[in-house]
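Data block below; observations after.
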Amino acid sequence: MQTKNVLPVRITELKELQKGVFSLKVKSHELTENAKCGQFVNVYLDSKKLLLPRPISIADVNGDELRLVFQVVGEGTKAISEMKDGDTIRISTPLGNGYDISSVTKGDKVILFGGGIGVPPLVYLAKTLKRMGADVTCIFGYRDETFLNDELSAMGIDVRVTTDSGRVGYHGNVLEYFIENRLRADYYYACGPRVMLKAVASHLHENGQFVYASMEERMGCGYGACVGCAIDVFDENHDKVRLKVCKDGPVFDSRKVVW
Ligand code: FES
């Protein structure tokens with residue numbers, strides 16, 4: 001059982017990366033010391049109207065610096081986006097299971113599929129895997145405008161971009177790109193809309209492979225109160241059980257998910 005602490009921390013940088021997508025940085029040893037790739041934090045607002053925290057995935061960790069990248073989708077995220085550098089914000093210690101990277105070893109080929117606002121958690125994952133000596137390729141899909149891909153490319157990570165509009169990179173989606181280019185890997189990780197995760201998982205399953213999929217899109221309150229995040233999963237007896245993405249995920253082995 002994870003113990004959650006909520007800490008007041010000062011915003012060191014808050015900026016808009018792309019229309020409606022913001023990057024927020026804070027410094028805190030307690031928030032970063034045990035943070036794992038694929039985990040999320042709950043961000044609390046000091047407003048009576050906005051009592052429920054906003055779950056936001058961890059985009060990156062650099063020493064004591066924690067970076068969150070989020071999209072404005074409602075009042076809560078809008079309020080966070082309107083804060084200023086130097087303001088104090090309350091953030092929980094990292095939550096969720098994160099990506100299982102325990103089997104990846106030096107030289108392993110790893111592919112990361114990201115879709116839209118599912119890209120941010122893959123930044124920390126890509127950097128961590130590269131540091132471990134893995135051969136990392138990111139395939140990031142966007143509607144039209146891209147974000148974070150250039151930052152990773154600048155670090156020497158192989159990033160392929162696809163867009164629905166065709167304005168940047170490959171015209172199509174991440175799975176079409178993967179199939180057309182006959183790519184293969186030893187391990188696959190993904191974060192993005194359910195429809196993308198399902199398509200990637202189905203294709204890999206047909207080829208005897210699987211993907212560690214972060215189902216974070218489903219999260220509401222982030223701490224077990226709203227039940228809006230429940231999904232069907234097969235247990236070890238292949239019986240269907242309902243699990244909460246915020247408590248039991250957000251990352252699941254795609255073979256266990258009832259798609
Ligand atoms: Fe509310 Fe899981 S997100 S119960």
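Residue numbering restarts at 1 for every chain of the structure tokens, chains are lettered A, B, ... in their displayed order, and ligands are numbered from 1 as they appear.
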
Checklist line | Surrounding residues of Asn173 in chain A excluding itself and chain neighbours under 3 positions, 7 Å, only C-alpha atoms, as a count of residues only | finding: 6

Next item on the list: Write out as a ChimeraX atom specification each polymer residue whose atoms come within 12 Å of Ser102 in chain A, counting only C-alpha atoms; drop sequence neighbours fewer than 5 positions from it.
Entry: /A:36-37,128-129,132,187

Next item on the list: For ligand 1, list the contacting residues at 12 Å or closer, counting only C-alpha atoms and all ligand atoms, as a ChimeraX atom specification.
Entry: /A:40-42,52-56,95-96,215-231,242-250

Checklist line | Nearest residue to Glu65 in chain A from the set A:Ile89, A:Ile80, A:Leu50, A:Ile11 (distances using only C-alpha atoms) | finding: A:Ile11

Notebook entry, point to check: Leaving out range 14-28 of chain A and any residue of its chain fewer than 4 positions from it, which residues lie within 7 Å of it when counting only C-alpha atoms, given as a list in words?
Noted result: Val9, Arg10, Thr32, Asp64, Glu65, Leu66, Arg67, Leu68, Val69, Phe70, Gln71, Val72, Ser81, Lys84, Asp85 and Phe147 of chain A

Next, the residues of the selection above should be written as a PDB file, in the first residue's frame with N, CA and C atoms.
ATOM      1  N   VAL A   9       4.573  22.951  -2.477  1.00  0.00           N
ATOM      2  CA  VAL A   9       5.852  23.205  -3.162  1.00  0.00           C
ATOM      3  C   VAL A   9       5.712  24.445  -4.032  1.00  0.00           C
ATOM      4  N   ARG A  10       6.845  25.070  -4.284  1.00  0.00           N
ATOM      5  CA  ARG A  10       6.841  26.300  -5.080  1.00  0.00           C
ATOM      6  C   ARG A  10       7.042  25.979  -6.555  1.00  0.00           C
ATOM      7  N   THR A  32      10.478  13.646  -5.599  1.00  0.00           N
ATOM      8  CA  THR A  32      11.231  13.009  -6.689  1.00  0.00           C
ATOM      9  C   THR A  32      12.018  11.771  -6.271  1.00  0.00           C
ATOM     10  N   ASP A  64      16.240  16.903  -8.104  1.00  0.00           N
ATOM     11  CA  ASP A  64      15.096  17.233  -7.241  1.00  0.00           C
ATOM     12  C   ASP A  64      13.947  17.885  -8.011  1.00  0.00           C
ATOM     13  N   GLU A  65      14.124  18.030  -9.312  1.00  0.00           N
ATOM     14  CA  GLU A  65      13.093  18.725 -10.092  1.00  0.00           C
ATOM     15  C   GLU A  65      12.067  17.739 -10.659  1.00  0.00           C
ATOM     16  N   LEU A  66      10.803  18.057 -10.400  1.00  0.00           N
ATOM     17  CA  LEU A  66       9.701  17.237 -10.931  1.00  0.00           C
ATOM     18  C   LEU A  66       9.002  18.048 -12.009  1.00  0.00           C
ATOM     19  N   ARG A  67       8.763  17.423 -13.152  1.00  0.00           N
ATOM     20  CA  ARG A  67       8.084  18.126 -14.234  1.00  0.00           C
ATOM     21  C   ARG A  67       6.775  17.419 -14.574  1.00  0.00           C
ATOM     22  N   LEU A  68       5.720  18.208 -14.665  1.00  0.00           N
ATOM     23  CA  LEU A  68       4.411  17.689 -15.072  1.00  0.00           C
ATOM     24  C   LEU A  68       4.035  18.389 -16.372  1.00  0.00           C
ATOM     25  N   VAL A  69       3.452  17.656 -17.297  1.00  0.00           N
ATOM     26  CA  VAL A  69       2.949  18.284 -18.520  1.00  0.00           C
ATOM     27  C   VAL A  69       1.483  17.872 -18.649  1.00  0.00           C
ATOM     28  N   PHE A  70       0.614  18.865 -18.721  1.00  0.00           N
ATOM     29  CA  PHE A  70      -0.822  18.574 -18.700  1.00  0.00           C
ATOM     30  C   PHE A  70      -1.563  19.412 -19.730  1.00  0.00           C
ATOM     31  N   GLN A  71      -2.748  18.932 -20.059  1.00  0.00           N
ATOM     32  CA  GLN A  71      -3.602  19.653 -21.001  1.00  0.00           C
ATOM     33  C   GLN A  71      -4.759  20.261 -20.216  1.00  0.00           C
ATOM     34  N   VAL A  72      -5.144  21.464 -20.595  1.00  0.00           N
ATOM     35  CA  VAL A  72      -6.298  22.084 -19.940  1.00  0.00           C
ATOM     36  C   VAL A  72      -7.570  21.432 -20.499  1.00  0.00           C
ATOM     37  N   SER A  81      -3.156  26.043 -14.770  1.00  0.00           N
ATOM     38  CA  SER A  81      -2.438  26.715 -15.865  1.00  0.00           C
ATOM     39  C   SER A  81      -2.349  28.227 -15.644  1.00  0.00           C
ATOM     40  N   LYS A  84       1.264  31.105 -11.279  1.00  0.00           N
ATOM     41  CA  LYS A  84       2.459  31.846 -11.711  1.00  0.00           C
ATOM     42  C   LYS A  84       3.718  31.207 -11.120  1.00  0.00           C
ATOM     43  N   ASP A  85       4.845  31.480 -11.749  1.00  0.00           N
ATOM     44  CA  ASP A  85       6.114  31.043 -11.181  1.00  0.00           C
ATOM     45  C   ASP A  85       6.214  31.618  -9.759  1.00  0.00           C
ATOM     46  N   PHE A 147       4.454  18.411 -29.515  1.00  0.00           N
ATOM     47  CA  PHE A 147       5.147  18.953 -28.334  1.00  0.00           C
ATOM     48  C   PHE A 147       6.001  17.847 -27.706  1.00  0.00           C
TER      49      PHE A 147
END

Check: Which residues, written as a list in words, have at least one atom at most 6 Å from Gly107 in chain A, with only C-alpha atoms counted and residues fewer than 3 positions away on the same chain left out?
Finding: Gly133, Ala134 and Asp135 of chain A

Next item on the list: Among the residues of range 51-219 of chain A, find those DSSP assigns to strand (DSSP E or B) from the backbone and print them as a PyMOL selection string.
Entry: chain A and resi 54-62+65-71+88-92+95+109-115+135-142+158-163+170-171+187-191+212-214

Margin query: Could you check the closest approach to Lys256 in chain A for each of A:Arg131, A:Lys106, A:His171, A:His238 and tell me which residue wins, using only C-alpha atoms?
Written below: A:His238

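You can rank A:Leu204, A:Val123, A:Ile101, A:Leu197 by their closest distance to Ile179 in chain A using only C-alpha atoms, and at the top of that list sits A:Leu204.
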
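Among A:Glu145, A:Leu122, A:Gly192, A:Asp46, the residue with the shortest atom-to-atom distance to Ala59 in chain A, counting only C-alpha atoms, is A:Leu122.
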
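You will find CA of Arg90 in chain A at 5.2 Å from CA of Tyr44 in chain A.
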
Note to self: DSSP on the backbone, helix (DSSP H, G or I) only: what residues of range 18-177 of chain A does that give? Format it as a PyMOL selection string.
What the structure shows: chain A and resi 29-32+75-81+116-118+120-131+149-154+174-177

Notebook entry, point to check: Of the candidates A:Ala199, A:Val104, A:Val61, A:Leu51, which shows the shortest atom-to-atom distance to Asn34 in chain A, using only C-alpha atoms?
Noted result: A:Val61

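Going from CA of His205 in chain A to CA of Ile117 in chain A covers 24.5 Å.
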
Check: Using only C-alpha atoms, which of A:Cys191, A:Thr93, A:Asn62, A:Arg182 sits nearest Lys127 in chain A?
Finding: A:Asn62

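For the pair CA of Leu31 in chain A and CA of Pro121 in chain A, the interatomic distance is 15.7 Å.
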
Notebook entry, point to check: Excluding same-chain residues fewer than 6 positions from Asn181 in chain A, what lies within 12 Å of it counting only C-alpha atoms, as a ChimeraX atom specification?
Noted result: /A:139,160,170,174-175
